[in-house]
Amino acid sequence: MTEITVAPLADVTMPRPRGSVRGRLQDALPKLVLAPSFAAILLFVYGFILWTFYLSFTNSKAFANDHLVGLSNYQKLWTWTFETDPPSGWYTAIINMGLFGGLYVVCCLALGLTLAILLDQKIRGEGFLRPIYLYPLALSFIVTGTAWKLFLDPGIGLEKAVHDLGWTSFSFDWVVNPRMMIYCVAIAGIWASSGFVMALFLAGLRGIDGEILKAAQIDGASGFMMYRRIIIPIMRPVFFSALIILTHLAIKSYDLVLSVTGKNPGGAAELPSTFMYSYTFTRNQMAVGSASAIIMLMAIAAIMVPYLYSELREKSQ
Amino acid sequence: MSAADALLAAEPRRDPSRSSMTTRIVIYGLLGFFAIVYLLPLVVMVMTSLKPLDEVTGGNMFALPKEPNFDAWAKAWGTTCVGLTCEGIKGYFWNSIKMVIPAVLISTLLGALNGYVLTKWRFAGHRLVFGLMLFACFIPFQSVIIPMAVILGMLGEWGNFFTDNLGVSLGFGNPTVNLVLVHTVYGLGFTTLFFRNFYEAFPTELVKSAMIDGAGFFQIFRRIMLPNSGPIFIVTVIYQFTNIWNDFLFGATFAAGDQSPMTVAVNNVVNTSTGIIEYNVNMAAAIIAAAPTLFVYVVAGRYFVRGLMAGAVKG
């Protein structure tokens with residue numbers, strides 16, 4: 001891919017004798033170089049996770065304390081999970097997570113695959129179209145949310161534009177309707193991420209061995225059959241990667257909710273991520289916040305660890 | 001890299017003669033329709049920012065601005081209110097620049113060294129080390145944010161102590177320094193991943209023969225690895241720049257008031273609860289916040305896409 005260029009070595013010396021202090025330092029050097037990064041990750045990631053885990057067993061309020069209360073924070077979340085009358089914040093967060101996450105993942109996959117298949121039909125102007133589907137990925141979720149909030153605003157956005165066209169009974173107030181807000185977050189999320197899935201699928205399609213397709217064509221397979229029976233099954237690993245990445249992104253979504261809904265009024269579009277933040281930093285329930293953070297982490301670990309494990313193993317073979 | 005290269009380089013090769021004219025029209029129609037849907041929010045945002053406020057609230061969002069002007073942009077940049085101060089978002093823009101440049105450079109350079117060690121100077125347990133660094137990329141930051149706040153609060157107290165006794169804080173407690181630290185640490189996993197996968201494919205024989213010639217660890221890195229790492233540096237820098245510039249969670253948590261980065265300021269401008277909503281100014285502020293990453297995307301889209309694909313772990 002790239003041409004290998006080797007700059008001439010200035011001082012060509014013999015290998016240093018082993019055993020000397022300098023030689024031993026040389027041997028340890030690679031590890032010494034890696035050590036600060038690894039130590040930082042051990043401390044700031046794994047140490048901090050353990051710390052959060054510990055906090056989730058305390059009754060920390062506005063400040064961290066070490067008064068242990070066992071599993072009671074998790075018990076709270078567990079009972080809140082089913083507290084529907086009136087719905088607890090955590091119940092809303094779980095329901096919304098299912099709605100948002102489900103729509104986000106399914107629609108991104110469907111739209112991404114559709115766009116990839118359409119783009120793969122020997123399209124003139126592919127180089128012009130592809131960047132259009134991908135540019136939302138360069139925007140921050142704050143910008144994406146701001147744009148969609150305006151676009152869907154009933155007073156000046158889509159509803160108003162349709163009224164101006166003459167369809168005056170048209171109503172689309174989801175973005176200001178607490179019960180429908182979460183769907184607007186999903187719309188904005190799908191718009192932002194489906195291009196990424198398209199790129200993954202397109203790369204997968206372009207990587208398929210042409211011989212297989214030729215053979216299928218000779219056997220008389222129609223275009224549709226070819227996709228259904230051959231191409232899509234071959235792409236199963238890509239599908240799986242996209243599914244994992246999207247699911248973990250859905251769980252981590254945070255800023256998009258705030259920007260689409262305008263700071264999540266009344267917790268109507270609550271997700272576990274916003275629940276954790278508000279319980280920890282504004283409601284002074286740090287221990288409950290920690291417990292919810294640990295639950296988020298476990299959900300992500302449950303999907304990411306097996307995935308990363310298989311990816312690493314595949315690569316080392 | 002191979003997957004991304006395949007995407008970007010390969011010619012579509014399925015035979016078009018099989019599909020009829022109508023199919024072609026449907027395909028182009030759908031692609032065009034989706035292109036419009038993807039472009040509309042940005043187009044509306046730009047048009048709104050070029051209109052005066054009464055034209056926004058009274059008119060149609062799809063209508064072209066009657067007399068396009070940059071008044072809203074000037075107001076967003078220089079005089080709009082962010083929280084209690086009304087000096088525009090320009091200060092926050094510089095906050096983001098001050099944060100993003102060191103964070104990108106440090107995390108990229110460390111990632112290059114880490115990738116080099118993990119591929120060419122392997123040791124027992126290198127796979128476990130890499131696995132731990134890799135998983136760190138994907139954690140929800142909610143699970144580390146409380147301890148981070150505690151630690152940064154402590155560093156802030158040290159800063160106060162140094163300021164009282166030495167007259168300078170030595171950077172302790174400075175929000176920009178804090179954010180550089182946070183973004184560097186939580187970006188290391190991705191930068192290491194990128195360089196590791198890139199150096200994995202780099203011929204080890206070259207490194208071996210340089211070793212026999214007596215070249216040391218850093219000499220090999222500087223003379224052999226670095227001169228051949230141009231593309232992966234671009235990919236990593238763009239990926240890190242986009243992520244750090246666009247971050248909101250850390251910025252909102254670890255920097256306050258006029259020290260906040262751009263995303264936090266824009267969110268405050270847009271979601272302010274006082275006064276009339278100036279949609280045109282809000283949109284101008286959002287576009288200014290998006291401009292740097294959009295610019296990078298336009299000039300280096302190829303590398304941007306490569307980073308995205310590499311971030312999905314598939315090499």
# chains A, B, ... in the order shown; residues from 1 in each chain; ligands from 1
>>> residues_around(residues="segment 168-174 of chain A", least_positions_apart="4", cutoff="7 Å", atoms="only C-alpha atoms", output="VMD selection string")
chain A and resid 153 to 154 159 162 to 163 180 to 181 184
>>> write_last_selection(atoms="N, CA and C atoms", output="JSON list (two decimals), in the first residue's frame")
[["chain", "number", "residue", "atom", "x", "y", "z"],
["A", 153, "ASP", "N", -39.45, 21.36, 14.92],
["A", 153, "ASP", "CA", -40.22, 22.28, 15.74],
["A", 153, "ASP", "C", -41.56, 22.57, 15.07],
["A", 154, "PRO", "N", -42.69, 22.33, 15.78],
["A", 154, "PRO", "CA", -43.99, 22.53, 15.13],
["A", 154, "PRO", "C", -44.24, 23.98, 14.72],
["A", 159, "GLU", "N", -43.85, 20.98, 10.54],
["A", 159, "GLU", "CA", -45.31, 21.14, 10.59],
["A", 159, "GLU", "C", -45.74, 22.43, 9.90],
["A", 162, "VAL", "N", -45.40, 22.18, 6.11],
["A", 162, "VAL", "CA", -46.49, 21.41, 5.48],
["A", 162, "VAL", "C", -47.78, 22.22, 5.48],
["A", 163, "HIS", "N", -48.03, 22.96, 6.58],
["A", 163, "HIS", "CA", -49.21, 23.84, 6.62],
["A", 163, "HIS", "C", -49.16, 24.85, 5.48],
["A", 180, "MET", "N", -43.62, 11.64, 23.02],
["A", 180, "MET", "CA", -43.06, 11.26, 21.72],
["A", 180, "MET", "C", -41.61, 11.70, 21.52],
["A", 181, "MET", "N", -41.10, 12.49, 22.48],
["A", 181, "MET", "CA", -39.74, 13.04, 22.32],
["A", 181, "MET", "C", -38.69, 11.99, 21.98],
["A", 184, "CYS", "N", -38.05, 11.31, 18.48],
["A", 184, "CYS", "CA", -37.26, 12.33, 17.76],
["A", 184, "CYS", "C", -35.77, 12.12, 18.00]]
>>> interface_residues(of="chain B", to="chain A", cutoff="7 Å", atoms="only C-alpha atoms", output="MDAnalysis selection string")
chainID B and resid 3:4 6:7 10 12:14 16 27 35 38:39 41:42 45 57 60:61 114 117 121 133 136 139:140 142:144 146:147 185 212:215 223:224 227:228 242 246 248:249 263 267 271 286 290 293:294 297 309 312
>>> residues_around(residues="Ala252 of chain B", least_positions_apart="5", cutoff="9 Å", atoms="only C-alpha atoms", output="short mmCIF file (atom, residue, chain, number, x, y, z; two decimals) with N, CA and C atoms, in the first residue's frame")
data_model
loop_
_atom_site.label_atom_id
_atom_site.label_comp_id
_atom_site.auth_asym_id
_atom_site.auth_seq_id
_atom_site.Cartn_x
_atom_site.Cartn_y
_atom_site.Cartn_z
N ASP B 247 -16.80 16.28 21.74
CA ASP B 247 -17.19 15.76 23.06
C ASP B 247 -18.05 16.76 23.81
N SER B 260 -15.57 26.59 29.47
CA SER B 260 -16.14 25.42 28.80
C SER B 260 -15.70 25.34 27.35
N PRO B 261 -15.70 24.13 26.79
CA PRO B 261 -15.45 24.02 25.35
C PRO B 261 -16.69 24.41 24.55
N THR B 263 -18.83 22.87 22.44
CA THR B 263 -20.10 22.13 22.43
C THR B 263 -20.97 22.52 23.62
N VAL B 264 -20.33 22.71 24.77
CA VAL B 264 -21.09 23.07 25.97
C VAL B 264 -21.67 24.47 25.80
#
>>> closest_residue(among="B:Ala124, B:Val46, B:Ala310, B:Ile89", to="Phe190 of chain B", atoms="only C-alpha atoms")
B:Ala310
>>> atom_distance(atom1="atom CA of Lys120 of chain B", atom2="atom CA of Phe138 of chain B")
25.4 Å
>>> select_by_dssp(residues="segment 58-222 of chain A", states="alpha helix (DSSP H)", output="PyMOL selection string")
chain A and resi 72-81+89-119+126-134+141-152+158-165+181-206+210-218
>>> write_last_selection(atoms="C-alpha atoms", output="mmCIF file, in the first residue's frame")
data_model
loop_
_atom_site.group_PDB
_atom_site.id
_atom_site.type_symbol
_atom_site.label_atom_id
_atom_site.label_comp_id
_atom_site.auth_asym_id
_atom_site.auth_seq_id
_atom_site.Cartn_x
_atom_site.Cartn_y
_atom_site.Cartn_z
ATOM 1 C CA SER A 72 -29.620 -1.461 48.647
ATOM 2 C CA ASN A 73 -28.878 0.900 45.717
ATOM 3 C CA TYR A 74 -29.249 -1.959 43.273
ATOM 4 C CA GLN A 75 -32.402 -3.051 45.081
ATOM 5 C CA LYS A 76 -33.764 0.469 44.618
ATOM 6 C CA LEU A 77 -33.066 0.337 40.884
ATOM 7 C CA TRP A 78 -34.592 -3.131 40.690
ATOM 8 C CA THR A 79 -37.845 -2.052 42.356
ATOM 9 C CA TRP A 80 -37.875 1.145 40.294
ATOM 10 C CA THR A 81 -37.594 -0.992 37.173
ATOM 11 C CA GLY A 89 -37.143 7.857 36.377
ATOM 12 C CA TRP A 90 -35.344 4.552 36.048
ATOM 13 C CA TYR A 91 -38.438 2.809 34.659
ATOM 14 C CA THR A 92 -38.734 5.572 32.040
ATOM 15 C CA ALA A 93 -35.028 5.239 31.295
ATOM 16 C CA ILE A 94 -35.294 1.480 30.728
ATOM 17 C CA ILE A 95 -38.396 1.765 28.560
ATOM 18 C CA ASN A 96 -36.858 4.594 26.558
ATOM 19 C CA MET A 97 -33.628 2.635 26.193
ATOM 20 C CA GLY A 98 -35.606 -0.202 24.634
ATOM 21 C CA LEU A 99 -37.555 2.101 22.315
ATOM 22 C CA PHE A 100 -34.635 4.299 21.323
ATOM 23 C CA GLY A 101 -32.075 1.502 21.206
ATOM 24 C CA GLY A 102 -34.329 -0.831 19.238
ATOM 25 C CA LEU A 103 -35.322 1.774 16.665
ATOM 26 C CA TYR A 104 -31.794 3.141 16.395
ATOM 27 C CA VAL A 105 -30.149 -0.219 15.840
ATOM 28 C CA VAL A 106 -32.797 -1.722 13.543
ATOM 29 C CA CYS A 107 -33.292 1.385 11.397
ATOM 30 C CA CYS A 108 -29.552 2.090 11.102
ATOM 31 C CA LEU A 109 -28.947 -1.482 9.965
ATOM 32 C CA ALA A 110 -31.849 -1.455 7.511
ATOM 33 C CA LEU A 111 -31.038 1.964 6.105
ATOM 34 C CA GLY A 112 -27.311 1.286 6.008
ATOM 35 C CA LEU A 113 -27.783 -1.987 4.149
ATOM 36 C CA THR A 114 -30.269 -0.427 1.718
ATOM 37 C CA LEU A 115 -27.980 2.465 0.901
ATOM 38 C CA ALA A 116 -24.975 0.167 0.524
ATOM 39 C CA ILE A 117 -26.823 -2.162 -1.872
ATOM 40 C CA LEU A 118 -28.160 0.775 -3.891
ATOM 41 C CA LEU A 119 -24.703 2.360 -4.090
ATOM 42 C CA GLU A 126 -21.094 7.407 -6.275
ATOM 43 C CA GLY A 127 -18.153 9.558 -5.218
ATOM 44 C CA PHE A 128 -20.556 12.474 -4.969
ATOM 45 C CA LEU A 129 -23.359 10.649 -3.118
ATOM 46 C CA ARG A 130 -21.337 8.671 -0.573
ATOM 47 C CA PRO A 131 -19.927 11.677 1.299
ATOM 48 C CA ILE A 132 -23.480 13.066 1.626
ATOM 49 C CA TYR A 133 -24.615 10.016 3.590
ATOM 50 C CA LEU A 134 -21.492 10.134 5.733
ATOM 51 C CA PHE A 141 -24.422 15.308 18.637
ATOM 52 C CA ILE A 142 -25.021 18.772 20.045
ATOM 53 C CA VAL A 143 -25.067 20.201 16.518
ATOM 54 C CA THR A 144 -27.110 17.278 15.180
ATOM 55 C CA GLY A 145 -29.630 17.683 17.977
ATOM 56 C CA THR A 146 -29.852 21.438 17.467
ATOM 57 C CA ALA A 147 -30.522 20.988 13.765
ATOM 58 C CA TRP A 148 -33.225 18.369 14.298
ATOM 59 C CA LYS A 149 -34.850 20.321 17.099
ATOM 60 C CA LEU A 150 -35.330 23.205 14.691
ATOM 61 C CA PHE A 151 -36.320 20.946 11.814
ATOM 62 C CA LEU A 152 -39.048 19.208 13.823
ATOM 63 C CA LEU A 158 -41.713 20.704 9.376
ATOM 64 C CA GLU A 159 -45.311 21.136 10.592
ATOM 65 C CA LYS A 160 -45.318 24.792 9.621
ATOM 66 C CA ALA A 161 -43.820 24.027 6.212
ATOM 67 C CA VAL A 162 -46.485 21.409 5.482
ATOM 68 C CA HIS A 163 -49.206 23.842 6.616
ATOM 69 C CA ASP A 164 -47.811 26.410 4.170
ATOM 70 C CA LEU A 165 -48.180 23.843 1.410
ATOM 71 C CA MET A 181 -39.744 13.037 22.319
ATOM 72 C CA ILE A 182 -37.732 9.833 22.490
ATOM 73 C CA TYR A 183 -38.742 9.023 18.896
ATOM 74 C CA CYS A 184 -37.264 12.334 17.764
ATOM 75 C CA VAL A 185 -34.023 11.406 19.507
ATOM 76 C CA ALA A 186 -34.120 8.136 17.564
ATOM 77 C CA ILE A 187 -34.721 9.966 14.257
ATOM 78 C CA ALA A 188 -31.750 12.246 14.855
ATOM 79 C CA GLY A 189 -29.611 9.304 15.945
ATOM 80 C CA ILE A 190 -30.489 7.269 12.867
ATOM 81 C CA TRP A 191 -29.686 10.248 10.652
ATOM 82 C CA ALA A 192 -26.342 10.649 12.391
ATOM 83 C CA SER A 193 -25.180 7.020 12.374
ATOM 84 C CA SER A 194 -26.714 5.221 9.395
ATOM 85 C CA GLY A 195 -23.958 6.485 7.086
ATOM 86 C CA PHE A 196 -21.425 4.639 9.178
ATOM 87 C CA VAL A 197 -23.340 1.378 8.787
ATOM 88 C CA MET A 198 -23.617 2.069 5.056
ATOM 89 C CA ALA A 199 -19.811 2.391 4.887
ATOM 90 C CA LEU A 200 -19.323 -0.874 6.790
ATOM 91 C CA PHE A 201 -21.734 -2.765 4.515
ATOM 92 C CA LEU A 202 -20.342 -1.211 1.359
ATOM 93 C CA ALA A 203 -16.835 -2.262 2.327
ATOM 94 C CA GLY A 204 -18.207 -5.744 2.968
ATOM 95 C CA LEU A 205 -19.958 -5.868 -0.415
ATOM 96 C CA ARG A 206 -16.831 -4.743 -2.216
ATOM 97 C CA GLY A 210 -16.314 -11.902 -7.665
ATOM 98 C CA GLU A 211 -15.934 -15.556 -8.699
ATOM 99 C CA ILE A 212 -18.739 -16.651 -6.385
ATOM 100 C CA LEU A 213 -21.081 -14.093 -7.908
ATOM 101 C CA LYS A 214 -20.116 -15.052 -11.443
ATOM 102 C CA ALA A 215 -20.787 -18.684 -10.668
ATOM 103 C CA ALA A 216 -24.202 -17.801 -9.250
ATOM 104 C CA GLN A 217 -24.965 -15.707 -12.313
ATOM 105 C CA ILE A 218 -24.089 -18.567 -14.615
#
>>> decode(residues="segment 23-67 of chain A", atoms="N, CA and C atoms", output="PDB file, in the first residue's frame")
ATOM      1  N   GLY A  23      22.752  -2.305  28.776  1.00  0.00           N
ATOM      2  CA  GLY A  23      22.098  -3.355  28.014  1.00  0.00           C
ATOM      3  C   GLY A  23      20.769  -3.735  28.626  1.00  0.00           C
ATOM      4  N   ARG A  24      20.745  -3.813  29.931  1.00  0.00           N
ATOM      5  CA  ARG A  24      19.508  -4.201  30.594  1.00  0.00           C
ATOM      6  C   ARG A  24      18.451  -3.108  30.448  1.00  0.00           C
ATOM      7  N   LEU A  25      18.913  -1.882  30.475  1.00  0.00           N
ATOM      8  CA  LEU A  25      17.993  -0.756  30.291  1.00  0.00           C
ATOM      9  C   LEU A  25      17.390  -0.824  28.891  1.00  0.00           C
ATOM     10  N   GLN A  26      18.270  -1.167  27.909  1.00  0.00           N
ATOM     11  CA  GLN A  26      17.797  -1.314  26.538  1.00  0.00           C
ATOM     12  C   GLN A  26      16.708  -2.368  26.453  1.00  0.00           C
ATOM     13  N   ASP A  27      16.925  -3.481  27.162  1.00  0.00           N
ATOM     14  CA  ASP A  27      15.943  -4.563  27.116  1.00  0.00           C
ATOM     15  C   ASP A  27      14.618  -4.130  27.725  1.00  0.00           C
ATOM     16  N   ALA A  28      14.698  -3.310  28.764  1.00  0.00           N
ATOM     17  CA  ALA A  28      13.476  -2.915  29.466  1.00  0.00           C
ATOM     18  C   ALA A  28      12.798  -1.731  28.788  1.00  0.00           C
ATOM     19  N   LEU A  29      13.515  -1.093  27.877  1.00  0.00           N
ATOM     20  CA  LEU A  29      13.017   0.159  27.296  1.00  0.00           C
ATOM     21  C   LEU A  29      11.605   0.063  26.703  1.00  0.00           C
ATOM     22  N   PRO A  30      11.330  -0.965  25.865  1.00  0.00           N
ATOM     23  CA  PRO A  30       9.968  -1.024  25.302  1.00  0.00           C
ATOM     24  C   PRO A  30       8.896  -1.031  26.379  1.00  0.00           C
ATOM     25  N   LYS A  31       9.136  -1.804  27.433  1.00  0.00           N
ATOM     26  CA  LYS A  31       8.131  -1.864  28.493  1.00  0.00           C
ATOM     27  C   LYS A  31       8.026  -0.533  29.215  1.00  0.00           C
ATOM     28  N   LEU A  32       9.178   0.133  29.386  1.00  0.00           N
ATOM     29  CA  LEU A  32       9.150   1.433  30.054  1.00  0.00           C
ATOM     30  C   LEU A  32       8.366   2.453  29.243  1.00  0.00           C
ATOM     31  N   VAL A  33       8.447   2.328  27.905  1.00  0.00           N
ATOM     32  CA  VAL A  33       7.727   3.267  27.045  1.00  0.00           C
ATOM     33  C   VAL A  33       6.225   3.027  27.127  1.00  0.00           C
ATOM     34  N   LEU A  34       5.858   1.754  27.176  1.00  0.00           N
ATOM     35  CA  LEU A  34       4.438   1.410  27.230  1.00  0.00           C
ATOM     36  C   LEU A  34       3.846   1.669  28.622  1.00  0.00           C
ATOM     37  N   ALA A  35       4.711   1.574  29.634  1.00  0.00           N
ATOM     38  CA  ALA A  35       4.225   1.598  31.020  1.00  0.00           C
ATOM     39  C   ALA A  35       3.349   2.804  31.383  1.00  0.00           C
ATOM     40  N   PRO A  36       3.752   4.040  31.040  1.00  0.00           N
ATOM     41  CA  PRO A  36       2.893   5.156  31.461  1.00  0.00           C
ATOM     42  C   PRO A  36       1.482   5.072  30.901  1.00  0.00           C
ATOM     43  N   SER A  37       1.350   4.706  29.630  1.00  0.00           N
ATOM     44  CA  SER A  37       0.018   4.593  29.032  1.00  0.00           C
ATOM     45  C   SER A  37      -0.781   3.500  29.721  1.00  0.00           C
ATOM     46  N   PHE A  38      -0.134   2.361  29.911  1.00  0.00           N
ATOM     47  CA  PHE A  38      -0.836   1.236  30.504  1.00  0.00           C
ATOM     48  C   PHE A  38      -1.232   1.554  31.945  1.00  0.00           C
ATOM     49  N   ALA A  39      -0.306   2.183  32.672  1.00  0.00           N
ATOM     50  CA  ALA A  39      -0.609   2.553  34.058  1.00  0.00           C
ATOM     51  C   ALA A  39      -1.773   3.530  34.089  1.00  0.00           C
ATOM     52  N   ALA A  40      -1.770   4.506  33.168  1.00  0.00           N
ATOM     53  CA  ALA A  40      -2.861   5.488  33.134  1.00  0.00           C
ATOM     54  C   ALA A  40      -4.186   4.789  32.895  1.00  0.00           C
ATOM     55  N   ILE A  41      -4.190   3.806  31.983  1.00  0.00           N
ATOM     56  CA  ILE A  41      -5.447   3.102  31.696  1.00  0.00           C
ATOM     57  C   ILE A  41      -5.864   2.238  32.879  1.00  0.00           C
ATOM     58  N   LEU A  42      -4.889   1.568  33.491  1.00  0.00           N
ATOM     59  CA  LEU A  42      -5.234   0.757  34.673  1.00  0.00           C
ATOM     60  C   LEU A  42      -5.870   1.633  35.744  1.00  0.00           C
ATOM     61  N   LEU A  43      -5.263   2.809  35.962  1.00  0.00           N
ATOM     62  CA  LEU A  43      -5.772   3.675  37.026  1.00  0.00           C
ATOM     63  C   LEU A  43      -7.075   4.355  36.623  1.00  0.00           C
ATOM     64  N   PHE A  44      -7.049   5.069  35.484  1.00  0.00           N
ATOM     65  CA  PHE A  44      -8.181   5.930  35.120  1.00  0.00           C
ATOM     66  C   PHE A  44      -9.369   5.148  34.571  1.00  0.00           C
ATOM     67  N   VAL A  45      -9.135   3.938  34.101  1.00  0.00           N
ATOM     68  CA  VAL A  45     -10.266   3.150  33.619  1.00  0.00           C
ATOM     69  C   VAL A  45     -10.635   2.085  34.655  1.00  0.00           C
ATOM     70  N   TYR A  46      -9.709   1.144  34.890  1.00  0.00           N
ATOM     71  CA  TYR A  46     -10.090   0.004  35.730  1.00  0.00           C
ATOM     72  C   TYR A  46     -10.143   0.382  37.211  1.00  0.00           C
ATOM     73  N   GLY A  47      -9.191   1.219  37.641  1.00  0.00           N
ATOM     74  CA  GLY A  47      -9.237   1.680  39.028  1.00  0.00           C
ATOM     75  C   GLY A  47     -10.505   2.475  39.293  1.00  0.00           C
ATOM     76  N   PHE A  48     -10.825   3.362  38.358  1.00  0.00           N
ATOM     77  CA  PHE A  48     -12.008   4.210  38.533  1.00  0.00           C
ATOM     78  C   PHE A  48     -13.293   3.389  38.464  1.00  0.00           C
ATOM     79  N   ILE A  49     -13.298   2.350  37.642  1.00  0.00           N
ATOM     80  CA  ILE A  49     -14.486   1.487  37.587  1.00  0.00           C
ATOM     81  C   ILE A  49     -14.678   0.807  38.950  1.00  0.00           C
ATOM     82  N   LEU A  50     -13.572   0.303  39.510  1.00  0.00           N
ATOM     83  CA  LEU A  50     -13.665  -0.331  40.834  1.00  0.00           C
ATOM     84  C   LEU A  50     -14.156   0.673  41.879  1.00  0.00           C
ATOM     85  N   TRP A  51     -13.648   1.887  41.772  1.00  0.00           N
ATOM     86  CA  TRP A  51     -14.051   2.948  42.696  1.00  0.00           C
ATOM     87  C   TRP A  51     -15.565   3.220  42.580  1.00  0.00           C
ATOM     88  N   THR A  52     -16.029   3.334  41.339  1.00  0.00           N
ATOM     89  CA  THR A  52     -17.463   3.551  41.122  1.00  0.00           C
ATOM     90  C   THR A  52     -18.265   2.370  41.664  1.00  0.00           C
ATOM     91  N   PHE A  53     -17.742   1.170  41.426  1.00  0.00           N
ATOM     92  CA  PHE A  53     -18.376  -0.047  41.921  1.00  0.00           C
ATOM     93  C   PHE A  53     -18.496   0.025  43.445  1.00  0.00           C
ATOM     94  N   TYR A  54     -17.390   0.445  44.071  1.00  0.00           N
ATOM     95  CA  TYR A  54     -17.396   0.580  45.538  1.00  0.00           C
ATOM     96  C   TYR A  54     -18.437   1.612  45.972  1.00  0.00           C
ATOM     97  N   LEU A  55     -18.453   2.759  45.309  1.00  0.00           N
ATOM     98  CA  LEU A  55     -19.414   3.816  45.665  1.00  0.00           C
ATOM     99  C   LEU A  55     -20.851   3.324  45.566  1.00  0.00           C
ATOM    100  N   SER A  56     -21.098   2.386  44.639  1.00  0.00           N
ATOM    101  CA  SER A  56     -22.467   1.917  44.459  1.00  0.00           C
ATOM    102  C   SER A  56     -22.941   1.085  45.651  1.00  0.00           C
ATOM    103  N   PHE A  57     -22.013   0.697  46.535  1.00  0.00           N
ATOM    104  CA  PHE A  57     -22.406  -0.029  47.751  1.00  0.00           C
ATOM    105  C   PHE A  57     -22.467   0.874  48.976  1.00  0.00           C
ATOM    106  N   THR A  58     -22.205   2.173  48.777  1.00  0.00           N
ATOM    107  CA  THR A  58     -22.244   3.111  49.902  1.00  0.00           C
ATOM    108  C   THR A  58     -23.557   3.889  49.852  1.00  0.00           C
ATOM    109  N   ASN A  59     -23.735   4.785  50.816  1.00  0.00           N
ATOM    110  CA  ASN A  59     -24.910   5.659  50.693  1.00  0.00           C
ATOM    111  C   ASN A  59     -24.483   7.092  50.370  1.00  0.00           C
ATOM    112  N   SER A  60     -23.462   7.241  49.506  1.00  0.00           N
ATOM    113  CA  SER A  60     -22.967   8.557  49.110  1.00  0.00           C
ATOM    114  C   SER A  60     -24.097   9.425  48.558  1.00  0.00           C
ATOM    115  N   LYS A  61     -24.135  10.662  48.993  1.00  0.00           N
ATOM    116  CA  LYS A  61     -25.170  11.589  48.492  1.00  0.00           C
ATOM    117  C   LYS A  61     -24.519  12.615  47.565  1.00  0.00           C
ATOM    118  N   ALA A  62     -24.302  13.865  48.072  1.00  0.00           N
ATOM    119  CA  ALA A  62     -23.649  14.869  47.240  1.00  0.00           C
ATOM    120  C   ALA A  62     -22.151  14.608  47.157  1.00  0.00           C
ATOM    121  N   PHE A  63     -21.597  14.050  48.227  1.00  0.00           N
ATOM    122  CA  PHE A  63     -20.168  13.742  48.245  1.00  0.00           C
ATOM    123  C   PHE A  63     -19.972  12.254  48.494  1.00  0.00           C
ATOM    124  N   ALA A  64     -18.811  11.764  48.040  1.00  0.00           N
ATOM    125  CA  ALA A  64     -18.529  10.350  48.243  1.00  0.00           C
ATOM    126  C   ALA A  64     -18.291  10.086  49.723  1.00  0.00           C
ATOM    127  N   ASN A  65     -18.889   9.043  50.266  1.00  0.00           N
ATOM    128  CA  ASN A  65     -18.534   8.607  51.615  1.00  0.00           C
ATOM    129  C   ASN A  65     -18.342   7.097  51.599  1.00  0.00           C
ATOM    130  N   ASP A  66     -17.898   6.539  52.734  1.00  0.00           N
ATOM    131  CA  ASP A  66     -17.660   5.095  52.716  1.00  0.00           C
ATOM    132  C   ASP A  66     -18.541   4.370  53.727  1.00  0.00           C
ATOM    133  N   HIS A  67     -19.754   4.844  53.846  1.00  0.00           N
ATOM    134  CA  HIS A  67     -20.714   4.133  54.690  1.00  0.00           C
ATOM    135  C   HIS A  67     -21.395   3.055  53.839  1.00  0.00           C
TER     136      HIS A  67
END
